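To be precise, the following lines are structure07.txt, and they hold compact mmCIF, C-alpha atoms.
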# COMPACT_ATOMS: atom_id res chain seq x y z
CA MET A 182 11.51 35.93 -11.51
CA GLY A 183 13.34 33.04 -13.15
CA ALA A 184 16.36 31.17 -11.83
CA ALA A 185 18.45 34.22 -10.98
CA GLY A 186 18.86 34.45 -7.25
CA VAL A 187 17.75 30.95 -6.29
CA ASP A 188 21.32 30.28 -5.14
CA LYS A 189 20.87 33.06 -2.56
CA TRP A 190 18.38 30.91 -0.64
CA LEU A 191 19.26 27.36 -1.77
CA TYR A 192 22.94 26.45 -1.86
CA PRO A 193 25.46 23.69 -1.16
CA THR A 194 27.30 23.50 2.18
CA ASP A 195 29.73 21.00 3.73
CA ARG A 196 26.68 19.16 5.12
CA GLY A 197 24.64 19.18 1.93
CA LEU A 198 22.12 21.29 0.05
CA TYR A 199 20.64 23.92 2.39
CA CYS A 200 17.42 25.93 2.11
CA GLU A 201 18.18 29.03 4.19
CA PRO A 202 14.70 30.53 4.68
CA GLY A 203 13.27 27.10 5.50
CA GLY A 204 16.13 26.20 7.84
CA PHE A 205 16.49 22.65 6.48
CA PHE A 206 18.84 20.49 4.43
CA ILE A 207 17.93 18.03 1.66
CA ASP A 208 19.66 14.63 2.00
CA PRO A 209 22.45 15.99 4.24
CA SER A 210 25.67 14.00 4.51
CA ARG A 211 25.76 14.22 8.31
CA ALA A 212 23.39 14.89 11.19
CA VAL A 213 21.54 18.22 11.11
CA ASP A 214 18.66 19.78 13.04
CA ARG A 215 16.14 19.45 10.22
CA ALA A 216 16.31 17.36 7.05
CA ILE A 217 14.09 16.46 4.11
CA ILE A 218 15.00 12.99 2.80
CA THR A 219 14.30 12.08 -0.83
CA HIS A 220 14.52 8.28 -0.40
CA GLY A 221 15.81 5.47 1.76
CA HIS A 222 19.19 4.58 0.23
CA SER A 223 21.96 5.13 2.73
CA ASP A 224 23.83 7.72 0.67
CA HIS A 225 20.74 9.94 0.98
CA ALA A 226 19.12 8.84 4.26
CA ARG A 227 21.28 8.95 7.36
CA SER A 228 20.54 8.68 11.06
CA GLY A 229 20.91 11.25 13.82
CA HIS A 230 18.90 14.19 12.44
CA GLY A 231 16.82 16.20 14.88
CA ALA A 232 13.78 16.10 12.59
CA VAL A 233 13.11 14.32 9.29
CA LEU A 234 10.41 14.99 6.72
CA ALA A 235 9.88 12.28 4.07
CA THR A 236 7.21 10.06 2.58
CA ARG A 237 5.71 7.42 4.86
CA GLU A 238 7.43 4.67 2.88
CA THR A 239 10.84 6.31 3.18
CA ILE A 240 10.36 6.70 6.93
CA GLU A 241 9.47 3.01 7.26
CA ILE A 242 12.54 2.07 5.23
CA MET A 243 14.72 4.23 7.47
CA LYS A 244 13.29 2.55 10.57
CA VAL A 245 14.10 -0.90 9.19
CA ARG A 246 17.60 0.03 8.08
CA MET A 247 18.65 2.31 10.95
CA GLY A 248 16.28 1.56 13.80
CA PRO A 249 13.04 3.19 15.02
CA GLU A 250 15.00 5.93 16.83
CA CYS A 251 16.98 6.97 13.73
CA ALA A 252 15.85 10.60 14.12
CA GLY A 253 14.43 12.76 16.89
CA VAL A 254 11.18 13.39 15.02
CA LEU A 255 9.97 11.50 11.94
CA GLU A 256 7.21 13.30 10.03
CA SER A 257 5.59 11.92 6.89
CA GLN A 258 4.23 13.87 3.96
CA ALA A 259 2.17 12.29 1.19
CA LEU A 260 3.14 12.65 -2.45
CA GLY A 261 1.39 15.69 -3.91
CA GLU A 262 0.61 17.22 -0.52
CA GLN A 263 1.52 20.89 -0.11
CA ARG A 264 2.83 22.41 3.13
CA SER A 265 4.78 25.45 4.25
CA LEU A 266 7.79 25.64 6.55
CA ASN A 267 8.95 29.13 7.58
CA GLY A 268 7.19 30.44 4.48
CA VAL A 269 8.82 27.98 2.06
CA GLY A 270 6.32 25.88 0.12
CA ILE A 271 7.24 22.19 0.18
CA LYS A 272 5.74 19.47 -1.99
CA LEU A 273 6.97 15.91 -2.52
CA MET A 274 6.41 14.45 -5.99
CA PRO A 275 7.13 10.96 -7.36
CA ALA A 276 10.74 10.29 -8.40
CA GLY A 277 10.17 6.76 -9.74
CA HIS A 278 13.43 5.54 -8.20
CA ILE A 279 12.30 3.13 -5.46
CA LEU A 280 9.31 2.81 -3.13
CA GLY A 281 8.87 6.12 -1.27
CA ALA A 282 11.31 8.08 -3.45
CA ALA A 283 10.32 11.72 -3.93
CA GLN A 284 11.39 14.88 -5.65
CA VAL A 285 11.43 17.87 -3.30
CA VAL A 286 9.64 20.88 -4.80
CA LEU A 287 10.47 24.18 -3.07
CA ASP A 288 8.64 27.45 -3.70
CA TRP A 289 10.03 30.67 -2.27
CA ASN A 290 9.68 34.31 -3.23
CA GLY A 291 8.13 33.49 -6.61
CA GLN A 292 10.81 30.98 -7.55
CA ARG A 293 10.70 27.19 -7.74
CA ALA A 294 13.50 24.68 -7.31
CA VAL A 295 13.06 20.93 -7.76
CA ILE A 296 15.56 18.62 -6.06
CA SER A 297 14.95 15.32 -7.82
CA GLY A 298 17.12 13.03 -5.69
CA ASP A 299 17.70 9.82 -7.66
CA TYR A 300 15.13 9.11 -10.35
CA LYS A 301 14.17 7.07 -13.37
CA ARG A 302 11.52 7.54 -16.03
CA ALA A 303 10.82 3.88 -16.81
CA ARG A 304 7.77 2.19 -15.35
CA ASP A 305 8.36 0.33 -12.08
CA PRO A 306 5.49 -1.77 -10.64
CA THR A 307 6.81 -1.26 -7.08
CA CYS A 308 6.51 2.55 -6.99
CA PRO A 309 4.75 5.53 -8.58
CA THR A 310 6.13 6.80 -11.89
CA PHE A 311 8.24 9.97 -12.07
CA GLU A 312 6.26 13.16 -12.67
CA VAL A 313 7.81 16.16 -14.40
CA VAL A 314 7.48 19.41 -12.41
CA SER A 315 8.09 22.74 -14.15
CA CYS A 316 10.68 24.81 -12.31
CA ASP A 317 13.31 27.54 -12.48
CA VAL A 318 16.14 25.38 -11.09
CA PHE A 319 16.32 21.61 -11.51
CA VAL A 320 18.76 19.63 -9.34
CA THR A 321 19.59 16.33 -11.02
CA GLU A 322 21.74 13.28 -10.47
CA ALA A 323 24.10 12.06 -13.21
CA THR A 324 24.81 8.42 -12.30
CA PHE A 325 24.54 7.23 -15.92
CA ALA A 326 25.31 10.53 -17.64
CA LEU A 327 27.25 9.21 -20.63
CA PRO A 328 25.85 8.55 -24.13
CA VAL A 329 26.74 4.83 -23.85
CA PHE A 330 24.09 4.36 -21.16
CA ARG A 331 20.79 3.51 -22.82
CA HIS A 332 18.94 1.07 -20.60
CA GLU A 333 16.97 -1.83 -22.00
CA PRO A 334 13.30 -2.17 -20.99
CA ALA A 335 13.42 -3.98 -17.65
CA GLU A 336 10.55 -6.24 -18.73
CA GLN A 337 12.67 -7.45 -21.65
CA GLU A 338 15.61 -8.25 -19.37
CA VAL A 339 13.40 -10.19 -16.95
CA ASP A 340 11.98 -12.11 -19.93
CA ARG A 341 15.57 -13.11 -20.77
CA LEU A 342 16.03 -14.33 -17.20
CA LEU A 343 12.85 -16.40 -17.23
CA ALA A 344 13.69 -17.85 -20.66
CA SER A 345 17.05 -18.98 -19.28
CA ILE A 346 15.34 -20.68 -16.33
CA LYS A 347 12.99 -22.49 -18.70
CA ARG A 348 15.87 -23.49 -20.98
CA GLN A 349 18.04 -24.83 -18.14
CA PRO A 350 15.67 -26.35 -15.54
CA GLU A 351 18.46 -28.34 -13.92
CA ARG A 352 20.35 -25.16 -12.86
CA ALA A 353 19.53 -22.65 -10.17
CA HIS A 354 19.58 -19.00 -11.28
CA LEU A 355 21.27 -16.70 -8.77
CA VAL A 356 20.50 -13.03 -9.41
CA GLY A 357 22.71 -10.48 -7.67
CA ALA A 358 20.59 -7.41 -6.99
CA TYR A 359 20.77 -4.45 -4.65
CA GLY A 360 18.59 -5.14 -1.61
CA LEU A 361 16.46 -1.98 -1.60
CA GLY A 362 14.49 -1.31 -4.76
CA LYS A 363 16.21 -3.50 -7.34
CA THR A 364 15.44 -6.83 -5.66
CA GLN A 365 11.77 -6.03 -5.24
CA ARG A 366 11.47 -4.68 -8.79
CA VAL A 367 12.98 -7.84 -10.31
CA ILE A 368 10.62 -10.01 -8.25
CA LYS A 369 7.54 -7.96 -9.17
CA LEU A 370 8.44 -7.93 -12.87
CA ALA A 371 8.90 -11.71 -12.79
CA ARG A 372 5.44 -12.06 -11.22
CA GLU A 373 3.92 -9.80 -13.88
CA ALA A 374 5.54 -11.98 -16.55
CA GLY A 375 3.73 -15.01 -15.14
CA TYR A 376 6.40 -16.57 -12.93
CA ASP A 377 4.37 -18.02 -10.04
CA GLN A 378 6.93 -20.36 -8.47
CA PRO A 379 8.45 -19.63 -5.06
CA ILE A 380 11.31 -17.13 -5.23
CA TYR A 381 14.15 -17.68 -2.79
CA LEU A 382 15.99 -14.95 -0.91
CA HIS A 383 19.39 -14.59 0.69
CA GLY A 384 18.90 -13.65 4.34
CA ALA A 385 20.17 -10.10 3.76
CA LEU A 386 17.18 -9.39 1.47
CA GLU A 387 14.37 -10.81 3.56
CA GLU A 388 13.61 -7.86 5.87
CA LEU A 389 13.19 -5.24 3.14
CA CYS A 390 11.09 -7.59 0.98
CA ALA A 391 8.85 -8.17 4.01
CA LEU A 392 8.57 -4.39 4.44
CA TYR A 393 7.55 -3.93 0.80
CA GLN A 394 4.86 -6.57 1.34
CA ARG A 395 3.61 -4.74 4.46
CA LEU A 396 3.51 -1.49 2.48
CA GLY A 397 1.23 -3.07 -0.10
CA VAL A 398 3.62 -4.32 -2.80
CA ASP A 399 2.61 -7.96 -3.42
CA LEU A 400 5.73 -10.01 -4.21
CA GLY A 401 4.11 -13.42 -4.07
CA ASP A 402 5.59 -16.55 -2.47
CA LEU A 403 9.02 -15.66 -1.04
CA ARG A 404 11.10 -18.19 0.87
CA PRO A 405 14.51 -18.15 2.56
CA ALA A 406 17.30 -19.88 0.65
CA THR A 407 18.50 -21.72 3.74
CA THR A 408 18.38 -25.44 3.04
CA GLU A 409 21.68 -27.27 2.69
CA LYS A 410 20.43 -29.77 0.07
CA SER A 411 21.57 -28.41 -3.29
CA GLY A 412 19.07 -30.48 -5.27
CA ASP A 413 16.23 -28.49 -3.72
CA PHE A 414 17.15 -25.52 -5.91
CA ALA A 415 17.20 -27.10 -9.38
CA GLY A 416 15.40 -24.63 -11.66
CA ALA A 417 14.92 -22.15 -8.81
CA LEU A 418 15.10 -18.35 -8.97
CA VAL A 419 17.24 -17.04 -6.11
CA LEU A 420 18.03 -13.41 -5.31
CA CYS A 421 21.06 -12.31 -3.30
CA PRO A 422 23.50 -9.43 -2.84
CA LEU A 423 26.17 -9.30 -5.55
CA SER A 424 28.85 -10.16 -2.99
CA ALA A 425 27.13 -13.48 -2.25
CA LEU A 426 27.60 -14.74 -5.82
CA ASP A 427 31.27 -15.46 -5.13
CA ASP A 428 31.24 -16.55 -1.51
CA ARG A 429 30.65 -19.86 0.23
CA TRP A 430 26.91 -19.25 0.40
CA SER A 431 26.51 -19.72 -3.37
CA ARG A 432 28.14 -23.17 -3.41
CA ARG A 433 24.99 -24.91 -2.15
CA PHE A 434 23.27 -24.37 -5.50
CA PRO A 435 23.41 -26.87 -8.40
CA ASP A 436 25.65 -25.55 -11.21
CA PRO A 437 24.17 -22.07 -10.83
CA VAL A 438 23.66 -19.51 -13.58
CA THR A 439 24.92 -16.26 -12.07
CA ALA A 440 23.26 -12.98 -13.07
CA PHE A 441 23.58 -9.36 -12.01
CA ALA A 442 20.79 -6.79 -12.41
CA SER A 443 22.35 -3.35 -12.85
CA GLY A 444 22.63 -0.43 -15.22
CA TRP A 445 26.38 -1.06 -15.17
CA MET A 446 25.80 -4.26 -17.15
CA ARG A 447 25.71 -2.06 -20.24
CA ILE A 448 29.54 -1.90 -19.98
CA LYS A 449 31.54 -4.95 -21.12
CA GLY A 450 34.33 -4.22 -18.68
CA ARG A 451 31.88 -4.22 -15.78
CA ILE A 452 30.46 -7.56 -16.97
CA ARG A 453 33.94 -9.09 -17.00
CA GLN A 454 34.67 -7.58 -13.60
CA SER A 455 31.51 -9.05 -12.09
CA GLY A 456 32.17 -12.45 -13.62
CA VAL A 457 28.48 -13.20 -14.17
CA GLU A 458 27.09 -15.47 -16.85
CA LEU A 459 23.85 -13.56 -17.43
CA PRO A 460 24.15 -9.74 -17.28
CA LEU A 461 20.79 -7.99 -16.90
CA VAL A 462 20.66 -4.29 -17.80
CA ILE A 463 18.12 -3.21 -15.18
CA SER A 464 18.64 0.21 -13.64
CA ASP A 465 16.74 2.30 -11.13
CA HIS A 466 18.34 5.49 -12.50
CA ALA A 467 17.63 7.55 -15.60
CA ASP A 468 19.78 6.76 -18.61
CA TRP A 469 21.41 9.38 -20.86
CA PRO A 470 18.38 10.17 -23.08
CA GLU A 471 16.07 10.24 -20.02
CA LEU A 472 18.33 12.69 -18.20
CA LEU A 473 18.37 15.09 -21.15
CA ASP A 474 14.65 14.72 -21.87
CA THR A 475 13.74 15.33 -18.24
CA ILE A 476 15.84 18.47 -17.98
CA ILE A 477 14.25 19.87 -21.15
CA GLU A 478 10.73 18.98 -19.99
CA THR A 479 11.13 20.82 -16.66
CA GLY A 480 11.80 24.06 -18.52
CA ALA A 481 14.48 24.90 -15.93
CA GLU A 482 16.67 27.88 -16.79
CA ASP A 483 19.43 26.55 -14.55
CA VAL A 484 20.46 22.92 -13.91
CA TRP A 485 22.51 21.83 -10.90
CA VAL A 486 24.16 18.40 -11.04
CA THR A 487 24.75 16.69 -7.72
CA HIS A 488 26.66 13.43 -8.32
CA GLY A 489 27.76 10.89 -10.89
CA ARG A 490 29.20 11.96 -14.25
CA ASP A 491 28.47 15.60 -13.58
CA ASP A 492 31.24 16.75 -15.96
CA ALA A 493 29.73 15.01 -18.98
CA LEU A 494 26.21 16.22 -18.26
CA VAL A 495 27.28 19.83 -17.61
CA TYR A 496 29.29 19.80 -20.85
CA GLN A 497 26.40 18.42 -22.91
CA LEU A 498 23.94 20.92 -21.45
CA GLY A 499 26.36 23.70 -22.35
CA LEU A 500 26.37 22.48 -25.97
CA MET A 501 22.57 22.63 -25.84
CA GLY A 502 22.70 26.26 -24.71
CA ARG A 503 21.58 25.50 -21.17
CA LYS A 504 23.06 26.93 -18.00
CA ALA A 505 24.42 24.10 -15.83
CA ARG A 506 26.90 23.55 -13.04
CA ALA A 507 28.18 20.79 -10.80
CA LEU A 508 27.41 21.16 -7.10
CA SER A 509 30.11 18.66 -6.03
CA LEU A 510 28.17 17.53 -2.97
CA VAL A 511 30.02 14.97 -0.87
CA GLY A 512 28.67 11.66 0.38
CA PHE A 513 26.70 10.39 -2.61
CA GLU A 514 27.60 7.04 -4.14
CA ASP A 515 26.00 4.49 -6.48
CA GLU A 516 24.85 2.43 -3.50
CA ASP A 517 21.63 1.36 -5.18
CA GLU A 518 23.17 -0.06 -8.37

What do you get writing this file as structure tokens?
Amino acid sequence: MGAAGVDKWLYPTDRGLYCEPGGFFIDPSRAVDRAIITHGHSDHARSGHGAVLATRETIEIMKVRMGPECAGVLESQALGEQRSLNGVGIKLMPAGHILGAAQVVLDWNGQRAVISGDYKRARDPTCPTFEVVSCDVFVTEATFALPVFRHEPAEQEVDRLLASIKRQPERAHLVGAYGLGKTQRVIKLAREAGYDQPIYLHGALEELCALYQRLGVDLGDLRPATTEKSGDFAGALVLCPLSALDDRWSRRFPDPVTAFASGWMRIKGRIRQSGVELPLVISDHADWPELLDTIIETGAEDVWVTHGRDDALVYQLGLMGRKARALSLVGFEDEDE
């Protein structure tokens, strides 16, 4: 049947993207009776829904962030598992964004729509790699949808971090990183690169790192960065929220090297704004070439862009002869970068 008519049964509303025959929303911006959640970042996962369907890992993340009673019913679905709700086929497939992140594959009346949520194509040792799903309509993010955004290999950026630690053993290295997904990825990549020393955490990062460990992601020896004796942290690797790099908390560390792990570190103005000494271009979103390649690989006749630089991506897809439009859904931000 192709893409024509998908928007008769899947369409944006003031609460988010709604599947009418299934009677559910995907990542709604406010409480609804039934929701499918792509991943645990707070601009996609919110509390108060009557029923939530998501991967087990996303549900556990929601419980930690919003409490065990964050929804009336929490139902898990494994990646690759097929089910039907009111006749709509539902399958969750890896999105590669963070632990538990899934694309939502909907089959109805001979048509297929894939709602990708947030995604990246690069390897991430903390979660399954993105899998391309052929479809009629592909719903994509556009966080880094400008040609300037071409992310470095994350392994290369972590190697730069570890080389700096080796070169300056008298200085602590404070890495600002988002607490869900980015922190754990940086830690795991450092472990893969052979860094076996204790890694210290700001208190705001401890609970989610402990959850990752419980869910089977081995992060090695993690310790709280709580001591008041600055000499204890000479040569140490410390992770913290970006906001902590400039507050009183950071003053306990000996002449620290400040770093920030983010896709935004590709932009010189953002580096100046953050004031960090060591910018690390590590992103949990697809960059410009990955966005275009993914859209082509899905074979989708129609592309819907949910958030980010939707104007640039829609324009480029038009130049490529592809049908595309911006959905202009409210409530999505770059919380995870």

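A distance cut-off of 9 Å around (30.4, 19.3, -4.5), counting all atoms listed in the file, selects these protein and nucleic acid residues: Pro193, Thr194, Asp195, Gly197, Thr487, His488, Ala507, Leu508, Ser509, Leu510 and Val511 of chain A.
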
Kindly save the residues from that selection, with C-alpha atoms included, as a compact mmCIF listing (two decimals), keeping the file's coordinate frame.
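Wrote it out as again_2.txt, contents follow:
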# COMPACT_ATOMS: atom_id res chain seq x y z
CA PRO A 193 25.46 23.69 -1.16
CA THR A 194 27.30 23.50 2.18
CA ASP A 195 29.73 21.00 3.73
CA GLY A 197 24.64 19.18 1.93
CA THR A 487 24.75 16.69 -7.72
CA HIS A 488 26.66 13.43 -8.32
CA ALA A 507 28.18 20.79 -10.80
CA LEU A 508 27.41 21.16 -7.10
CA SER A 509 30.11 18.66 -6.03
CA LEU A 510 28.17 17.53 -2.97
CA VAL A 511 30.02 14.97 -0.87

> Given the choices A:Leu459, A:Ala442, A:Ala282, A:Leu396, which gets closest to Gly357 of chain A if the distance is worked out from all atoms listed in the file?
Replying inline: A:Ala442

>> Need to verify the contact set: Arg211 of chain A, 10 Å, only C-alpha atoms, exclusion of same-chain residues closer than 5 positions in sequence. Can you return it as a ChimeraX atom specification?
In response: /A:195-197,225-230,512

Report as a CSV table (one decimal) with C-alpha atoms, keeping the file's coordinate frame all protein, DNA and RNA residues lying within 7 Å of segment 294-305 of chain A, evaluated on all atoms listed in the file, omitting residues in the same chain fewer than 3 positions from it.
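File written: result.csv
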chain,number,residue,atom,x,y,z
A,219,THR,CA,14.3,12.1,-0.8
A,276,ALA,CA,10.7,10.3,-8.4
A,277,GLY,CA,10.2,6.8,-9.7
A,278,HIS,CA,13.4,5.5,-8.2
A,284,GLN,CA,11.4,14.9,-5.6
A,285,VAL,CA,11.4,17.9,-3.3
A,286,VAL,CA,9.6,20.9,-4.8
A,287,LEU,CA,10.5,24.2,-3.1
A,288,ASP,CA,8.6,27.4,-3.7
A,308,CYS,CA,6.5,2.6,-7.0
A,310,THR,CA,6.1,6.8,-11.9
A,311,PHE,CA,8.2,10.0,-12.1
A,316,CYS,CA,10.7,24.8,-12.3
A,317,ASP,CA,13.3,27.5,-12.5
A,318,VAL,CA,16.1,25.4,-11.1
A,319,PHE,CA,16.3,21.6,-11.5
A,320,VAL,CA,18.8,19.6,-9.3
A,321,THR,CA,19.6,16.3,-11.0
A,322,GLU,CA,21.7,13.3,-10.5
A,366,ARG,CA,11.5,-4.7,-8.8
A,465,ASP,CA,16.7,2.3,-11.1
A,466,HIS,CA,18.3,5.5,-12.5
A,467,ALA,CA,17.6,7.6,-15.6
A,471,GLU,CA,16.1,10.2,-20.0

> Between A:Asp399, A:Glu373, A:Glu388, A:Asp436, which is the closest to Glu241 of chain A once you count all atoms listed in the file?
Replying inline: A:Glu388

>> List the spatial neighbours of Phe205 of chain A as number ranges by chain - criterion: any atom at most 9 Å away, only C-alpha atoms, same-chain residues fewer than 4 positions off excluded.
In response: A: 198-201, 213-217
